[in-house]
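Trainee: So I've got this file, model-v6.cif, and it contains mmCIF, C-alpha atoms:
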data_input
loop_
_atom_site.label_atom_id
_atom_site.label_comp_id
_atom_site.auth_asym_id
_atom_site.auth_seq_id
_atom_site.Cartn_x
_atom_site.Cartn_y
_atom_site.Cartn_z
CA MET A 761 57.74 85.28 109.84
CA ASP A 762 59.48 88.40 108.58
CA TRP A 763 57.33 91.16 107.01
CA SER A 764 59.47 91.16 103.85
CA VAL A 765 58.69 87.48 103.26
CA ILE A 766 54.98 88.21 103.69
CA GLY A 767 55.33 91.06 101.19
CA ILE A 768 56.96 88.74 98.66
CA LEU A 769 54.20 86.14 99.08
CA ILE A 770 51.50 88.81 98.71
CA SER A 771 53.19 90.23 95.61
CA LEU A 772 53.43 86.75 94.05
CA ALA A 773 49.73 86.15 94.71
CA PHE A 774 49.02 89.62 93.28
CA ILE A 775 50.94 88.79 90.09
CA VAL A 776 49.25 85.43 89.63
CA ILE A 777 45.72 86.71 90.24
CA LEU A 778 46.03 89.74 87.97
CA ALA A 779 47.83 87.78 85.24
CA LEU A 780 45.04 85.20 85.22
CA ARG A 781 42.54 88.06 84.89
CA GLY A 782 44.32 89.29 81.78
CA TRP A 783 46.37 92.20 83.10
CA HIS A 784 49.62 92.92 81.29
CA ILE A 785 52.86 92.13 83.11
CA ILE A 786 54.25 95.58 82.32
CA ILE A 787 51.58 96.99 84.66
CA ILE A 788 51.61 94.20 87.24
CA ALA A 789 55.38 93.98 87.84
CA PRO A 790 55.94 97.56 89.06
CA LEU A 791 52.91 97.28 91.33
CA ALA A 792 54.34 94.08 92.80
CA VAL A 793 57.63 95.90 93.40
CA VAL A 794 55.72 98.59 95.30
CA ILE A 795 54.10 95.89 97.48
CA VAL A 796 57.47 94.29 98.26
CA CYS A 797 59.07 97.69 99.00
CA THR A 798 56.21 98.66 101.30
CA PHE A 799 56.47 95.46 103.36
CA SER A 800 60.29 95.60 103.43
CA ASP A 801 60.56 99.25 104.55
CA MET A 802 62.45 100.17 101.37
CA ASN A 803 62.25 103.49 99.57
CA VAL A 804 59.90 102.82 96.65
CA MET A 805 61.29 105.46 94.27
CA GLU A 806 64.92 104.52 94.86
CA THR A 807 64.10 100.86 94.26
CA MET A 808 62.09 101.60 91.11
CA TYR A 809 64.81 103.79 89.60
CA GLY A 810 67.69 101.65 90.84
CA PRO A 811 67.63 97.85 90.96
CA TYR A 812 64.23 97.34 89.30
CA MET A 813 64.93 99.53 86.28
CA LYS A 814 68.45 98.15 85.81
CA GLY A 815 67.12 94.60 85.91
CA PHE A 816 64.20 95.36 83.60
CA VAL A 817 66.35 97.15 81.01
CA ASN A 818 68.94 94.37 81.11
CA TYR A 819 66.27 91.67 80.67
CA ALA A 820 64.40 93.54 77.93
CA GLY A 821 67.61 94.33 76.08
CA ARG A 822 68.81 90.74 76.11
CA PHE A 823 65.60 89.00 75.09
CA TYR A 824 63.68 91.57 73.03
CA LEU A 825 64.57 90.16 69.62
CA ILE A 826 63.79 86.61 70.74
CA PHE A 827 60.35 87.63 72.00
CA LEU A 828 59.70 89.71 68.89
CA ALA A 829 60.64 86.91 66.51
CA GLY A 830 58.63 84.35 68.48
CA SER A 831 55.59 86.63 68.56
CA VAL A 832 55.73 87.35 64.83
CA PHE A 833 56.15 83.66 64.02
CA GLY A 834 53.33 82.77 66.43
CA LYS A 835 51.04 85.29 64.72
CA PHE A 836 51.98 83.81 61.35
CA MET A 837 51.16 80.31 62.64
CA GLU A 838 47.81 81.56 63.96
CA ASP A 839 46.84 83.43 60.79
CA SER A 840 47.80 80.54 58.52
CA GLN A 841 45.84 78.09 60.70
CA ALA A 842 48.99 75.94 60.99
CA ALA A 843 48.87 75.95 64.80
CA ARG A 844 45.23 74.82 64.76
CA SER A 845 46.08 72.09 62.25
CA ILE A 846 48.93 70.82 64.45
CA ALA A 847 46.67 70.91 67.53
CA ASN A 848 43.84 69.05 65.79
CA GLY A 849 46.25 66.39 64.48
CA ILE A 850 47.65 65.75 67.94
CA LEU A 851 44.14 65.66 69.43
CA LYS A 852 43.08 63.06 66.86
CA LEU A 853 46.17 60.98 67.62
CA ILE A 854 45.96 61.09 71.44
CA GLY A 855 42.27 61.70 71.89
CA LYS A 856 40.23 63.96 74.11
CA GLU A 857 37.87 61.52 75.81
CA ASP A 858 39.05 62.03 79.37
CA PRO A 859 40.79 64.89 81.21
CA LEU A 860 44.14 63.06 81.45
CA ARG A 861 44.34 62.59 77.68
CA MET A 862 43.32 66.21 77.14
CA LEU A 863 46.03 67.40 79.55
CA LEU A 864 48.60 65.25 77.77
CA SER A 865 47.41 66.58 74.42
CA VAL A 866 47.76 70.22 75.50
CA ALA A 867 51.25 69.53 76.84
CA ILE A 868 52.36 67.85 73.62
CA ILE A 869 50.77 70.58 71.48
CA SER A 870 52.62 73.22 73.48
CA MET A 871 55.85 71.24 73.21
CA CYS A 872 55.52 70.83 69.44
CA LEU A 873 54.73 74.49 68.82
CA THR A 874 57.58 75.62 71.08
CA TYR A 875 60.02 73.18 69.49
CA GLY A 876 58.84 74.42 66.10
CA GLY A 877 59.90 77.98 66.90
CA VAL A 878 56.91 79.68 68.48
CA SER A 879 57.83 81.47 71.70
CA LEU A 880 56.62 79.59 74.78
CA PHE A 881 55.06 82.78 76.11
CA VAL A 882 53.01 83.10 72.91
CA VAL A 883 51.93 79.44 73.09
CA VAL A 884 50.86 79.73 76.73
CA PHE A 885 49.06 83.02 76.10
CA ALA A 886 47.26 81.67 73.05
CA SER A 887 46.17 78.48 74.81
CA SER A 888 45.04 80.30 77.95
CA ARG A 889 43.18 82.92 75.91
CA SER A 890 41.03 80.34 74.20
CA PRO A 891 41.30 76.89 75.84
CA ALA A 892 38.24 75.66 73.97
CA SER A 893 40.02 76.26 70.65
CA PHE A 894 41.89 72.98 70.99
CA SER A 895 38.68 70.98 71.13
CA ARG A 896 37.17 72.39 67.93
CA SER A 897 37.53 70.23 64.85
#
Could you spell out this file's structure in structure tokens?

Mentor:
Amino acid sequence: MDWSVIGILISLAFIVILALRGWHIIIIAPLAVVIVCTFSDMNVMETMYGPYMKGFVNYAGRFYLIFLAGSVFGKFMEDSQAARSIANGILKLIGKEDPLRMLLSVAIISMCLTYGGVSLFVVVFASSRSPASFSRS
């Protein structure tokens, strides 16, 4: 196996582990780029200032307003308790007796909130931050 492929796999594991531990992607992503560059014998500074920065600026520029609007709306839904009300209604309808029903409930809750206008990233972050919040009545 090529060293660059190993570097990509290590960087993906690095991203997943640190993201699950609550690290912000703005910190994790450049570190993952450094890992890939190191394993691929690429110049780290040239890569960071060149392709990585161009891609990041392009992505941020295109989707910033969408993420901002979704985050503001998600915060409004959280503060007004509307998201909790939707989640509790779906849990009452489907039930939470066994793990399969609970998994289905979380998927449908996420789908409803996302379809309703809350950014998927906000929904996933909110549900992973407090998974027990869905089970409270």

Trainee: One number please: atom CA of Pro790 of chain A to atom CA of Ser879 of chain A, in Å, one decimal.

Mentor: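 Computing the Euclidean distance for atom CA of Pro790 of chain A and atom CA of Ser879 of chain A yields 23.7 Å.
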
Trainee: Find the residue from A:Val817, A:Leu778, A:Pro859, A:Val878 that sits nearest to Ala842 of chain A; use only C-alpha atoms when measuring.

Mentor: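 Distance minimum relative to Ala842 of chain A lands on A:Val878.
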
Trainee: To one decimal place, how far is atom CA of Ala792 of chain A from atom CA of Val883 of chain A in Å?

Mentor: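 Interatomic distance, atom CA of Ala792 of chain A to atom CA of Val883 of chain A: 24.7 Å.
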
Trainee: If we count only C-alpha atoms and set the cut-off at 12 Å, which residues sit around segment 800-805 of chain A, ignoring sequence neighbours fewer than 3 positions away in its own chain? Please answer as a list in words.

Mentor: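 Surrounding residues, per the criterion: Asp762, Trp763, Ser764, Val765, Ile766, Gly767, Ile768, Ser771, Pro790, Leu791, Ala792, Val793, Val794, Ile795, Val796, Cys797, Met808, Tyr809, Gly810, Pro811, Tyr812 and Met813 of chain A.
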
Trainee: Which of these, A:Thr798, A:Ala847, A:Leu772, A:Gly877, has the shortest distance to Ser831 of chain A once you count all atoms listed in the file?

Mentor: A:Gly877

Trainee: Could you list, as a PyMOL selection string, every residue matched by the PyMOL selection byres ((chain A and resi 843) around 12) in this structure?

Mentor: chain A and resi 833-842+844-850+869-874+876-878+882-883+886-887+893-894

Trainee: What is the atom CA of Ile785 of chain A to atom CA of Phe827 of chain A distance in Å?

Mentor: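 About the pair atom CA of Ile785 of chain A and atom CA of Phe827 of chain A: they are 14.1 Å apart.
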